[in-house]
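What's in run-v5.pdb: PDB, C-alpha atoms
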ATOM      1  CA  MET A  45     -51.772 -48.701  12.481  1.00  0.00           C
ATOM      2  CA  THR A  46     -51.126 -52.304  11.503  1.00  0.00           C
ATOM      3  CA  GLY A  47     -50.486 -55.348  13.674  1.00  0.00           C
ATOM      4  CA  PRO A  48     -52.388 -58.226  15.288  1.00  0.00           C
ATOM      5  CA  LEU A  49     -54.300 -55.781  17.514  1.00  0.00           C
ATOM      6  CA  ALA A  50     -55.124 -53.216  14.836  1.00  0.00           C
ATOM      7  CA  GLY A  51     -58.612 -51.807  15.367  1.00  0.00           C
ATOM      8  CA  ARG A  52     -58.796 -52.961  19.003  1.00  0.00           C
ATOM      9  CA  THR A  53     -59.098 -50.688  22.025  1.00  0.00           C
ATOM     10  CA  VAL A  54     -57.438 -52.009  25.182  1.00  0.00           C
ATOM     11  CA  LEU A  55     -57.998 -50.618  28.676  1.00  0.00           C
ATOM     12  CA  LEU A  56     -55.034 -51.068  31.027  1.00  0.00           C
ATOM     13  CA  THR A  57     -55.720 -50.620  34.730  1.00  0.00           C
ATOM     14  CA  ARG A  58     -52.083 -50.006  35.636  1.00  0.00           C
ATOM     15  CA  THR A  59     -49.135 -48.111  34.219  1.00  0.00           C
ATOM     16  CA  GLY A  60     -45.763 -49.729  33.775  1.00  0.00           C
ATOM     17  CA  GLY A  61     -44.649 -49.936  30.147  1.00  0.00           C
ATOM     18  CA  LEU A  62     -46.974 -52.637  28.853  1.00  0.00           C
ATOM     19  CA  GLU A  63     -48.946 -49.949  27.050  1.00  0.00           C
ATOM     20  CA  GLU A  64     -46.124 -49.317  24.580  1.00  0.00           C
ATOM     21  CA  GLU A  65     -45.817 -53.015  23.763  1.00  0.00           C
ATOM     22  CA  ILE A  66     -49.564 -53.209  23.117  1.00  0.00           C
ATOM     23  CA  ARG A  67     -49.538 -50.059  20.977  1.00  0.00           C
ATOM     24  CA  ALA A  68     -46.671 -51.520  18.958  1.00  0.00           C
ATOM     25  CA  ARG A  69     -49.033 -54.350  18.000  1.00  0.00           C
ATOM     26  CA  GLY A  70     -51.576 -51.927  16.578  1.00  0.00           C
ATOM     27  CA  ALA A  71     -54.030 -51.317  19.434  1.00  0.00           C
ATOM     28  CA  ASP A  72     -55.427 -48.079  20.772  1.00  0.00           C
ATOM     29  CA  VAL A  73     -54.517 -48.154  24.479  1.00  0.00           C
ATOM     30  CA  ARG A  74     -56.241 -46.346  27.316  1.00  0.00           C
ATOM     31  CA  VAL A  75     -54.290 -46.278  30.573  1.00  0.00           C
ATOM     32  CA  LEU A  76     -56.374 -45.949  33.731  1.00  0.00           C
ATOM     33  CA  PRO A  77     -54.413 -46.528  36.965  1.00  0.00           C
ATOM     34  CA  VAL A  78     -56.894 -47.570  39.651  1.00  0.00           C
ATOM     35  CA  THR A  79     -54.448 -48.009  42.542  1.00  0.00           C
ATOM     36  CA  ARG A  80     -51.621 -46.062  44.096  1.00  0.00           C
ATOM     37  CA  TYR A  81     -48.876 -47.137  46.439  1.00  0.00           C
ATOM     38  CA  GLU A  82     -47.793 -45.776  49.795  1.00  0.00           C
ATOM     39  CA  ALA A  83     -44.480 -46.584  51.440  1.00  0.00           C
ATOM     40  CA  VAL A  84     -44.562 -48.219  54.869  1.00  0.00           C
ATOM     41  CA  ASP A  85     -41.849 -47.656  57.465  1.00  0.00           C
ATOM     42  CA  ALA A  86     -40.096 -50.993  57.822  1.00  0.00           C
ATOM     43  CA  ALA A  87     -36.724 -52.312  58.876  1.00  0.00           C
ATOM     44  CA  ALA A  88     -34.926 -55.626  58.616  1.00  0.00           C
ATOM     45  CA  ASP A  89     -31.436 -57.048  58.519  1.00  0.00           C
ATOM     46  CA  PRO A  90     -31.088 -59.173  55.368  1.00  0.00           C
ATOM     47  CA  GLU A  91     -27.897 -60.744  56.694  1.00  0.00           C
ATOM     48  CA  SER A  92     -29.836 -62.292  59.573  1.00  0.00           C
ATOM     49  CA  CYS A  93     -31.813 -64.534  57.198  1.00  0.00           C
ATOM     50  CA  ASP A  94     -30.966 -67.341  54.780  1.00  0.00           C
ATOM     51  CA  ARG A  95     -33.235 -66.293  51.915  1.00  0.00           C
ATOM     52  CA  VAL A  96     -34.978 -63.126  50.757  1.00  0.00           C
ATOM     53  CA  VAL A  97     -38.021 -63.708  48.562  1.00  0.00           C
ATOM     54  CA  PHE A  98     -39.711 -61.136  46.318  1.00  0.00           C
ATOM     55  CA  THR A  99     -43.073 -61.637  44.631  1.00  0.00           C
ATOM     56  CA  SER A 100     -43.262 -58.173  43.045  1.00  0.00           C
ATOM     57  CA  ALA A 101     -40.929 -55.604  41.557  1.00  0.00           C
ATOM     58  CA  ARG A 102     -42.616 -52.930  43.666  1.00  0.00           C
ATOM     59  CA  ALA A 103     -41.554 -54.729  46.845  1.00  0.00           C
ATOM     60  CA  VAL A 104     -37.976 -54.505  45.615  1.00  0.00           C
ATOM     61  CA  ALA A 105     -38.382 -50.775  44.973  1.00  0.00           C
ATOM     62  CA  HIS A 106     -39.737 -50.212  48.498  1.00  0.00           C
ATOM     63  CA  CYS A 107     -37.281 -52.551  50.215  1.00  0.00           C
ATOM     64  CA  PRO A 108     -35.750 -50.792  53.255  1.00  0.00           C
ATOM     65  CA  PHE A 109     -32.318 -52.377  52.806  1.00  0.00           C
ATOM     66  CA  SER A 110     -29.878 -52.804  49.949  1.00  0.00           C
ATOM     67  CA  VAL A 111     -30.617 -56.025  48.097  1.00  0.00           C
ATOM     68  CA  ALA A 112     -26.871 -56.291  47.479  1.00  0.00           C
ATOM     69  CA  LEU A 113     -26.602 -57.346  51.142  1.00  0.00           C
ATOM     70  CA  ALA A 114     -29.067 -60.208  50.851  1.00  0.00           C
ATOM     71  CA  PRO A 115     -27.411 -63.654  50.990  1.00  0.00           C
ATOM     72  CA  ARG A 116     -29.661 -65.485  48.524  1.00  0.00           C
ATOM     73  CA  ILE A 117     -32.599 -63.986  46.628  1.00  0.00           C
ATOM     74  CA  ALA A 118     -35.515 -65.755  44.959  1.00  0.00           C
ATOM     75  CA  CYS A 119     -37.995 -63.962  42.700  1.00  0.00           C
ATOM     76  CA  ILE A 120     -41.418 -64.907  41.404  1.00  0.00           C
ATOM     77  CA  GLY A 121     -40.602 -64.001  37.803  1.00  0.00           C
ATOM     78  CA  PRO A 122     -38.017 -62.523  35.417  1.00  0.00           C
ATOM     79  CA  GLN A 123     -39.284 -58.942  35.632  1.00  0.00           C
ATOM     80  CA  THR A 124     -38.906 -58.877  39.400  1.00  0.00           C
ATOM     81  CA  ALA A 125     -35.491 -60.522  39.042  1.00  0.00           C
ATOM     82  CA  ASP A 126     -34.403 -57.818  36.601  1.00  0.00           C
ATOM     83  CA  VAL A 127     -35.327 -55.104  39.122  1.00  0.00           C
ATOM     84  CA  VAL A 128     -33.293 -56.897  41.811  1.00  0.00           C
ATOM     85  CA  ARG A 129     -30.268 -57.068  39.511  1.00  0.00           C
ATOM     86  CA  GLU A 130     -30.637 -53.402  38.557  1.00  0.00           C
ATOM     87  CA  ALA A 131     -30.529 -52.611  42.278  1.00  0.00           C
ATOM     88  CA  GLY A 132     -27.264 -54.531  42.667  1.00  0.00           C
ATOM     89  CA  GLY A 133     -28.615 -57.829  43.964  1.00  0.00           C
ATOM     90  CA  THR A 134     -27.945 -61.368  42.785  1.00  0.00           C
ATOM     91  CA  VAL A 135     -30.864 -63.670  42.014  1.00  0.00           C
ATOM     92  CA  ASP A 136     -30.304 -67.399  42.384  1.00  0.00           C
ATOM     93  CA  LEU A 137     -33.817 -68.744  41.849  1.00  0.00           C
ATOM     94  CA  VAL A 138     -36.746 -67.961  39.534  1.00  0.00           C
ATOM     95  CA  PRO A 139     -39.386 -70.682  39.032  1.00  0.00           C
ATOM     96  CA  ASP A 140     -40.446 -71.831  35.569  1.00  0.00           C
ATOM     97  CA  GLU A 141     -44.029 -70.839  36.384  1.00  0.00           C
ATOM     98  CA  HIS A 142     -44.393 -67.349  37.746  1.00  0.00           C
ATOM     99  CA  ASN A 143     -46.736 -67.727  40.697  1.00  0.00           C
ATOM    100  CA  ALA A 144     -46.453 -68.146  44.458  1.00  0.00           C
ATOM    101  CA  VAL A 145     -47.206 -71.864  44.435  1.00  0.00           C
ATOM    102  CA  ALA A 146     -44.444 -72.579  41.926  1.00  0.00           C
ATOM    103  CA  LEU A 147     -42.031 -70.293  43.773  1.00  0.00           C
ATOM    104  CA  ALA A 148     -42.652 -72.067  47.075  1.00  0.00           C
ATOM    105  CA  ALA A 149     -42.212 -75.472  45.449  1.00  0.00           C
ATOM    106  CA  ALA A 150     -38.955 -74.384  43.816  1.00  0.00           C
ATOM    107  CA  LEU A 151     -37.629 -73.059  47.123  1.00  0.00           C
ATOM    108  CA  VAL A 152     -38.460 -76.286  48.948  1.00  0.00           C
ATOM    109  CA  ALA A 153     -36.809 -78.286  46.146  1.00  0.00           C
ATOM    110  CA  ASP A 154     -33.770 -76.029  46.572  1.00  0.00           C
ATOM    111  CA  GLY A 155     -33.438 -76.909  50.246  1.00  0.00           C
ATOM    112  CA  VAL A 156     -35.696 -74.491  52.093  1.00  0.00           C
ATOM    113  CA  GLY A 157     -37.040 -76.431  55.055  1.00  0.00           C
ATOM    114  CA  PRO A 158     -36.806 -76.775  58.846  1.00  0.00           C
ATOM    115  CA  GLY A 159     -34.771 -73.973  60.327  1.00  0.00           C
ATOM    116  CA  THR A 160     -34.435 -71.953  57.113  1.00  0.00           C
ATOM    117  CA  ARG A 161     -34.983 -68.262  57.824  1.00  0.00           C
ATOM    118  CA  VAL A 162     -36.901 -66.563  55.004  1.00  0.00           C
ATOM    119  CA  LEU A 163     -37.552 -62.821  54.748  1.00  0.00           C
ATOM    120  CA  PHE A 164     -40.575 -61.861  52.627  1.00  0.00           C
ATOM    121  CA  PRO A 165     -40.808 -58.104  51.802  1.00  0.00           C
ATOM    122  CA  CYS A 166     -44.257 -57.512  50.360  1.00  0.00           C
ATOM    123  CA  ALA A 167     -47.406 -55.401  50.092  1.00  0.00           C
ATOM    124  CA  ASP A 168     -49.957 -55.188  52.853  1.00  0.00           C
ATOM    125  CA  ILE A 169     -52.400 -57.196  50.724  1.00  0.00           C
ATOM    126  CA  ALA A 170     -49.970 -59.907  49.617  1.00  0.00           C
ATOM    127  CA  LEU A 171     -51.563 -63.345  49.794  1.00  0.00           C
ATOM    128  CA  ALA A 172     -50.293 -65.782  52.426  1.00  0.00           C
ATOM    129  CA  THR A 173     -49.748 -68.586  49.885  1.00  0.00           C
ATOM    130  CA  LEU A 174     -45.960 -68.381  49.966  1.00  0.00           C
ATOM    131  CA  GLU A 175     -45.767 -68.102  53.744  1.00  0.00           C
ATOM    132  CA  ASP A 176     -48.173 -70.970  54.305  1.00  0.00           C
ATOM    133  CA  ARG A 177     -46.371 -73.346  51.961  1.00  0.00           C
ATOM    134  CA  LEU A 178     -42.883 -72.537  53.193  1.00  0.00           C
ATOM    135  CA  GLY A 179     -44.114 -72.678  56.782  1.00  0.00           C
ATOM    136  CA  SER A 180     -45.563 -76.129  56.133  1.00  0.00           C
ATOM    137  CA  ALA A 181     -42.100 -77.183  54.971  1.00  0.00           C
ATOM    138  CA  GLY A 182     -40.656 -76.028  58.296  1.00  0.00           C
ATOM    139  CA  ALA A 183     -39.203 -72.690  57.243  1.00  0.00           C
ATOM    140  CA  GLU A 184     -39.331 -69.626  59.520  1.00  0.00           C
ATOM    141  CA  VAL A 185     -40.936 -66.947  57.351  1.00  0.00           C
ATOM    142  CA  THR A 186     -40.884 -63.275  58.361  1.00  0.00           C
ATOM    143  CA  ARG A 187     -43.444 -61.144  56.527  1.00  0.00           C
ATOM    144  CA  LEU A 188     -42.142 -57.586  56.084  1.00  0.00           C
ATOM    145  CA  VAL A 189     -44.787 -55.170  54.768  1.00  0.00           C
ATOM    146  CA  VAL A 190     -42.936 -52.454  52.834  1.00  0.00           C
ATOM    147  CA  TYR A 191     -45.804 -50.749  50.978  1.00  0.00           C
ATOM    148  CA  ARG A 192     -49.588 -50.603  50.895  1.00  0.00           C
ATOM    149  CA  THR A 193     -51.934 -50.566  47.908  1.00  0.00           C
ATOM    150  CA  VAL A 194     -54.925 -48.214  47.973  1.00  0.00           C
ATOM    151  CA  PRO A 195     -57.510 -47.162  45.368  1.00  0.00           C
ATOM    152  CA  VAL A 196     -57.029 -43.834  43.582  1.00  0.00           C
ATOM    153  CA  GLY A 197     -59.494 -41.049  44.391  1.00  0.00           C
ATOM    154  CA  SER A 198     -61.867 -41.648  41.488  1.00  0.00           C
ATOM    155  CA  ILE A 199     -62.188 -42.823  37.882  1.00  0.00           C
ATOM    156  CA  PRO A 200     -64.504 -41.628  35.079  1.00  0.00           C
ATOM    157  CA  ALA A 201     -67.914 -43.312  35.122  1.00  0.00           C
ATOM    158  CA  ASP A 202     -67.532 -44.218  31.442  1.00  0.00           C
ATOM    159  CA  ALA A 203     -63.917 -45.397  31.765  1.00  0.00           C
ATOM    160  CA  ALA A 204     -64.578 -48.704  29.984  1.00  0.00           C
ATOM    161  CA  ALA A 205     -66.992 -47.403  27.355  1.00  0.00           C
ATOM    162  CA  GLY A 206     -66.119 -48.569  23.850  1.00  0.00           C
ATOM    163  CA  VAL A 207     -63.175 -50.777  24.779  1.00  0.00           C
ATOM    164  CA  ASP A 208     -62.696 -54.298  23.446  1.00  0.00           C
ATOM    165  CA  VAL A 209     -60.900 -55.762  26.460  1.00  0.00           C
ATOM    166  CA  ILE A 210     -59.950 -54.698  29.997  1.00  0.00           C
ATOM    167  CA  VAL A 211     -56.564 -55.943  31.217  1.00  0.00           C
ATOM    168  CA  PHE A 212     -56.110 -56.609  34.936  1.00  0.00           C
ATOM    169  CA  LEU A 213     -52.610 -57.280  36.270  1.00  0.00           C
ATOM    170  CA  SER A 214     -53.461 -57.863  39.940  1.00  0.00           C
ATOM    171  CA  PRO A 215     -56.368 -58.712  42.247  1.00  0.00           C
ATOM    172  CA  SER A 216     -56.000 -55.276  43.863  1.00  0.00           C
ATOM    173  CA  ALA A 217     -56.659 -53.614  40.500  1.00  0.00           C
ATOM    174  CA  VAL A 218     -59.838 -55.668  40.070  1.00  0.00           C
ATOM    175  CA  ASN A 219     -61.125 -54.756  43.504  1.00  0.00           C
ATOM    176  CA  ALA A 220     -60.198 -51.086  43.170  1.00  0.00           C
ATOM    177  CA  PHE A 221     -61.849 -50.837  39.730  1.00  0.00           C
ATOM    178  CA  ALA A 222     -65.068 -52.277  41.161  1.00  0.00           C
ATOM    179  CA  GLU A 223     -64.878 -50.168  44.344  1.00  0.00           C
ATOM    180  CA  LEU A 224     -64.484 -46.999  42.265  1.00  0.00           C
ATOM    181  CA  GLY A 225     -67.601 -47.784  40.245  1.00  0.00           C
ATOM    182  CA  GLY A 226     -65.983 -49.194  37.120  1.00  0.00           C
ATOM    183  CA  ASP A 227     -68.210 -51.357  34.946  1.00  0.00           C
ATOM    184  CA  LEU A 228     -66.661 -54.839  34.901  1.00  0.00           C
ATOM    185  CA  ALA A 229     -69.328 -55.959  32.439  1.00  0.00           C
ATOM    186  CA  ALA A 230     -68.480 -53.264  29.892  1.00  0.00           C
ATOM    187  CA  ALA A 231     -65.997 -55.481  28.017  1.00  0.00           C
ATOM    188  CA  PRO A 232     -64.296 -58.897  28.239  1.00  0.00           C
ATOM    189  CA  SER A 233     -61.601 -59.129  30.907  1.00  0.00           C
ATOM    190  CA  LEU A 234     -58.058 -60.484  30.602  1.00  0.00           C
ATOM    191  CA  ALA A 235     -56.367 -61.583  33.848  1.00  0.00           C
ATOM    192  CA  ILE A 236     -52.611 -61.977  34.169  1.00  0.00           C
ATOM    193  CA  GLY A 237     -52.990 -65.035  36.402  1.00  0.00           C
ATOM    194  CA  ARG A 238     -55.291 -67.281  38.386  1.00  0.00           C
ATOM    195  CA  THR A 239     -55.466 -65.120  41.512  1.00  0.00           C
ATOM    196  CA  THR A 240     -56.475 -62.107  39.440  1.00  0.00           C
ATOM    197  CA  ALA A 241     -59.052 -64.249  37.626  1.00  0.00           C
ATOM    198  CA  ALA A 242     -60.382 -65.387  41.013  1.00  0.00           C
ATOM    199  CA  ALA A 243     -60.827 -61.755  42.069  1.00  0.00           C
ATOM    200  CA  LEU A 244     -62.851 -61.139  38.914  1.00  0.00           C
ATOM    201  CA  ALA A 245     -64.899 -64.287  39.538  1.00  0.00           C
ATOM    202  CA  ALA A 246     -65.766 -62.931  42.989  1.00  0.00           C
ATOM    203  CA  HIS A 247     -67.379 -60.023  41.171  1.00  0.00           C
ATOM    204  CA  GLY A 248     -69.259 -62.345  38.822  1.00  0.00           C
ATOM    205  CA  VAL A 249     -66.894 -61.985  35.869  1.00  0.00           C
ATOM    206  CA  THR A 250     -65.311 -64.868  33.980  1.00  0.00           C
ATOM    207  CA  ALA A 251     -61.944 -63.759  32.617  1.00  0.00           C
ATOM    208  CA  GLU A 252     -59.570 -65.074  30.005  1.00  0.00           C
ATOM    209  CA  VAL A 253     -56.331 -66.004  31.801  1.00  0.00           C
ATOM    210  CA  ALA A 254     -52.888 -65.376  30.297  1.00  0.00           C
ATOM    211  CA  PRO A 255     -50.933 -68.594  29.587  1.00  0.00           C
ATOM    212  CA  THR A 256     -48.039 -67.292  31.696  1.00  0.00           C
ATOM    213  CA  SER A 257     -48.251 -64.755  34.519  1.00  0.00           C
ATOM    214  CA  ASP A 258     -46.064 -62.114  32.895  1.00  0.00           C
ATOM    215  CA  ARG A 259     -46.063 -59.521  30.125  1.00  0.00           C
ATOM    216  CA  ALA A 260     -45.332 -62.109  27.468  1.00  0.00           C
ATOM    217  CA  GLY A 261     -48.377 -64.116  28.512  1.00  0.00           C
ATOM    218  CA  VAL A 262     -50.634 -61.052  28.475  1.00  0.00           C
ATOM    219  CA  LEU A 263     -49.408 -59.991  25.051  1.00  0.00           C
ATOM    220  CA  ALA A 264     -49.771 -63.499  23.637  1.00  0.00           C
ATOM    221  CA  LEU A 265     -53.383 -63.798  24.784  1.00  0.00           C
ATOM    222  CA  LEU A 266     -54.247 -60.306  23.596  1.00  0.00           C
ATOM    223  CA  CYS A 267     -53.005 -61.156  20.112  1.00  0.00           C
ATOM    224  CA  GLU A 268     -54.693 -64.588  19.991  1.00  0.00           C
ATOM    225  CA  ARG A 269     -58.256 -63.445  20.669  1.00  0.00           C
ATOM    226  CA  GLU A 270     -60.631 -61.384  18.569  1.00  0.00           C
ATOM    227  CA  TRP A 271     -62.039 -59.630  21.667  1.00  0.00           C
ATOM    228  CA  ARG A 272     -65.300 -58.753  19.893  1.00  0.00           C
TER     229      ARG A 272
END
In structure tokens, write the structure found in this file.
Amino acid sequence: MTGPLAGRTVLLTRTGGLEEEIRARGADVRVLPVTRYEAVDAAADPESCDRVVFTSARAVAHCPFSVALAPRIACIGPQTADVVREAGGTVDLVPDEHNAVALAAALVADGVGPGTRVLFPCADIALATLEDRLGSAGAEVTRLVVYRTVPVGSIPADAAAGVDVIVFLSPSAVNAFAELGGDLAAAPSLAIGRTTAAALAAHGVTAEVAPTSDRAGVLALLCEREWR
């Protein structure tokens, strides 16, 4: 196969469609999901808040209410926004940079402050960055855990053997890969963003970080590097 990644073998630690985009650029792709997701019983009235904020598409999928009822919705990036729209919701804010710090700053610039009621459906392991920053601005943030992330049962001991690069799309994937005995030193690592890179650094691994925290950024970095 031809393309900028021809001859490369890429290990993806999560499913979700990115594998086809990488294959289309010539790479051999191994898909090794290292986490699974469990729904959490949760309830909330979106009409009792001023803003609903999503930092992952999975939180949208596990949301216990119809996003069509939410008054104003902000999303961390375009992929999450697309899932909201597919579910019938309207998105009025997506930051230029797709991370929690940028999202919080954009919300504050858009008027979130003292007295603003913000509902934050999220995973059990979601970082408190968004809550802390909006809380510092005076907003009343309600954290609503709608799903939990847990490691899969096991992975092959030689899962990363012979690959040119391992792609991590979340800190939870990094930690699960290490917990399950995966060899983080088997190949260079690509992190989708700074928090994922920080998780790798905690395990002694220096990762290449995508220029933007989305699929486009991952694909761009994959195609720019030799990875050998």
Given the PyMOL selection byres ((chain A and resi 59) around 7) and the file above, list the residues it selects as a PyMOL selection string.
chain A and resi 58+60-61+75+77
Residues returned when the PyMOL selection byres ((chain A and resi 242-247) around 9) runs on this file, as an mmCIF file with C-alpha atoms, in the coordinates of the input:
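Output file out_35.cif follows:
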data_model
loop_
_atom_site.group_PDB
_atom_site.id
_atom_site.type_symbol
_atom_site.label_atom_id
_atom_site.label_comp_id
_atom_site.auth_asym_id
_atom_site.auth_seq_id
_atom_site.Cartn_x
_atom_site.Cartn_y
_atom_site.Cartn_z
ATOM 1 C CA SER A 214 -53.461 -57.863 39.940
ATOM 2 C CA PRO A 215 -56.368 -58.712 42.247
ATOM 3 C CA SER A 216 -56.000 -55.276 43.863
ATOM 4 C CA VAL A 218 -59.838 -55.668 40.070
ATOM 5 C CA ASN A 219 -61.125 -54.756 43.504
ATOM 6 C CA ALA A 222 -65.068 -52.277 41.161
ATOM 7 C CA LEU A 228 -66.661 -54.839 34.901
ATOM 8 C CA SER A 233 -61.601 -59.129 30.907
ATOM 9 C CA ALA A 235 -56.367 -61.583 33.848
ATOM 10 C CA GLY A 237 -52.990 -65.035 36.402
ATOM 11 C CA ARG A 238 -55.291 -67.281 38.386
ATOM 12 C CA THR A 239 -55.466 -65.120 41.512
ATOM 13 C CA THR A 240 -56.475 -62.107 39.440
ATOM 14 C CA ALA A 241 -59.052 -64.249 37.626
ATOM 15 C CA GLY A 248 -69.259 -62.345 38.822
ATOM 16 C CA VAL A 249 -66.894 -61.985 35.869
ATOM 17 C CA THR A 250 -65.311 -64.868 33.980
ATOM 18 C CA ALA A 251 -61.944 -63.759 32.617
#
Straight-line distance linking atom CA of Asn143 of chain A with atom CA of Val207 of chain A, stated in Å to one decimal:
28.5 Å
Between atom CA of Phe98 of chain A and atom CA of Arg192 of chain A, what distance in Å does the model show, to one decimal?
15.1 Å
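The neighbours of Pro158 of chain A here are the residues that come within 8 Å of it, using all atoms listed in the file and leaving out any residue fewer than 2 positions away in the same chain; they are Val156, Thr160, Ala181, Gly182, Ala183 and Glu184 of chain A.
Candidate residues A:Arg52, A:His142, A:Arg69, A:Arg161 were compared for distance to Glu91 of chain A, and the nearest is A:Arg161, using only C-alpha atoms.
Closest approach to Arg187 of chain A among A:Thr79, A:Gln123, A:Thr256, A:Thr99: A:Thr99, based on all atoms listed in the file.
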Extract, using only C-alpha atoms, all DNA, RNA and protein residues at most 10 Å from Val185 of chain A, discarding same-chain residues fewer than 3 positions from it, and format them as an MDAnalysis selection string.
chainID A and resid 93 95:97 159:164 174:179 182 188
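Proximity to Val111 of chain A was assessed for A:Val209, A:Ala204, A:Val135, A:Ala172 counting all atoms listed in the file; the smallest distance is recorded for A:Val135.
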What lies within 12 Å of Ser198 of chain A using all atoms listed in the file, ignoring chain neighbours under 2 positions off, as a ChimeraX atom specification?
/A:76-80,194-196,200-203,220-226
Would you put the residues from that selection into a file with C-alpha atoms, as a PDB file, in the frame of the given file?
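Generated output (part.pdb):
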ATOM      1  CA  LEU A  76     -56.374 -45.949  33.731  1.00  0.00           C
ATOM      2  CA  PRO A  77     -54.413 -46.528  36.965  1.00  0.00           C
ATOM      3  CA  VAL A  78     -56.894 -47.570  39.651  1.00  0.00           C
ATOM      4  CA  THR A  79     -54.448 -48.009  42.542  1.00  0.00           C
ATOM      5  CA  ARG A  80     -51.621 -46.062  44.096  1.00  0.00           C
ATOM      6  CA  VAL A 194     -54.925 -48.214  47.973  1.00  0.00           C
ATOM      7  CA  PRO A 195     -57.510 -47.162  45.368  1.00  0.00           C
ATOM      8  CA  VAL A 196     -57.029 -43.834  43.582  1.00  0.00           C
ATOM      9  CA  PRO A 200     -64.504 -41.628  35.079  1.00  0.00           C
ATOM     10  CA  ALA A 201     -67.914 -43.312  35.122  1.00  0.00           C
ATOM     11  CA  ASP A 202     -67.532 -44.218  31.442  1.00  0.00           C
ATOM     12  CA  ALA A 203     -63.917 -45.397  31.765  1.00  0.00           C
ATOM     13  CA  ALA A 220     -60.198 -51.086  43.170  1.00  0.00           C
ATOM     14  CA  PHE A 221     -61.849 -50.837  39.730  1.00  0.00           C
ATOM     15  CA  ALA A 222     -65.068 -52.277  41.161  1.00  0.00           C
ATOM     16  CA  GLU A 223     -64.878 -50.168  44.344  1.00  0.00           C
ATOM     17  CA  LEU A 224     -64.484 -46.999  42.265  1.00  0.00           C
ATOM     18  CA  GLY A 225     -67.601 -47.784  40.245  1.00  0.00           C
ATOM     19  CA  GLY A 226     -65.983 -49.194  37.120  1.00  0.00           C
TER      20      GLY A 226
END
Show me, as JSON, numbers by chain, the residues that have an atom within 12 Å of Ala260 of chain A when counting all atoms listed in the file, minus same-chain residues fewer than 5 positions from it.
{"A": [62, 65, 66, 121, 122, 123, 142, 236, 254, 255, 265, 266, 267]}
Please provide the set of residues having any atom within 8 Å of Ala83 of chain A, restricted to only C-alpha atoms, with same-chain residues fewer than 2 positions apart removed, written as a PyMOL selection string.
chain A and resi 81+85+106+190-192
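Minimum atom-to-atom distances from A:Pro139, A:Val152, A:Arg269, A:Ser110 to Ser180 of chain A were compared using all atoms listed in the file, and the lowest value belongs to A:Val152.
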Output the residue selection produced by the PyMOL selection byres ((chain A and resi 150) around 10) on the file above, formatted as an NGL selection string.
:A and (118 or 137-141 or 144-149 or 151-156)
Just the selected residues (C-alpha atoms), exported as a CSV table (one decimal), in the coordinates of the input, please.
chain,number,residue,atom,x,y,z
A,118,ALA,CA,-35.5,-65.8,45.0
A,137,LEU,CA,-33.8,-68.7,41.8
A,138,VAL,CA,-36.7,-68.0,39.5
A,139,PRO,CA,-39.4,-70.7,39.0
A,140,ASP,CA,-40.4,-71.8,35.6
A,141,GLU,CA,-44.0,-70.8,36.4
A,144,ALA,CA,-46.5,-68.1,44.5
A,145,VAL,CA,-47.2,-71.9,44.4
A,146,ALA,CA,-44.4,-72.6,41.9
A,147,LEU,CA,-42.0,-70.3,43.8
A,148,ALA,CA,-42.7,-72.1,47.1
A,149,ALA,CA,-42.2,-75.5,45.4
A,151,LEU,CA,-37.6,-73.1,47.1
A,152,VAL,CA,-38.5,-76.3,48.9
A,153,ALA,CA,-36.8,-78.3,46.1
A,154,ASP,CA,-33.8,-76.0,46.6
A,155,GLY,CA,-33.4,-76.9,50.2
A,156,VAL,CA,-35.7,-74.5,52.1
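The nearest approach to Gly206 of chain A among the residues A:Pro165, A:Gly261, A:Gly51, A:Pro115, with only C-alpha atoms taken into account, belongs to A:Gly51.
Taking atom CA of Ser257 of chain A as the reference point, atom CA of Arg116 of chain A is found at 23.3 Å.
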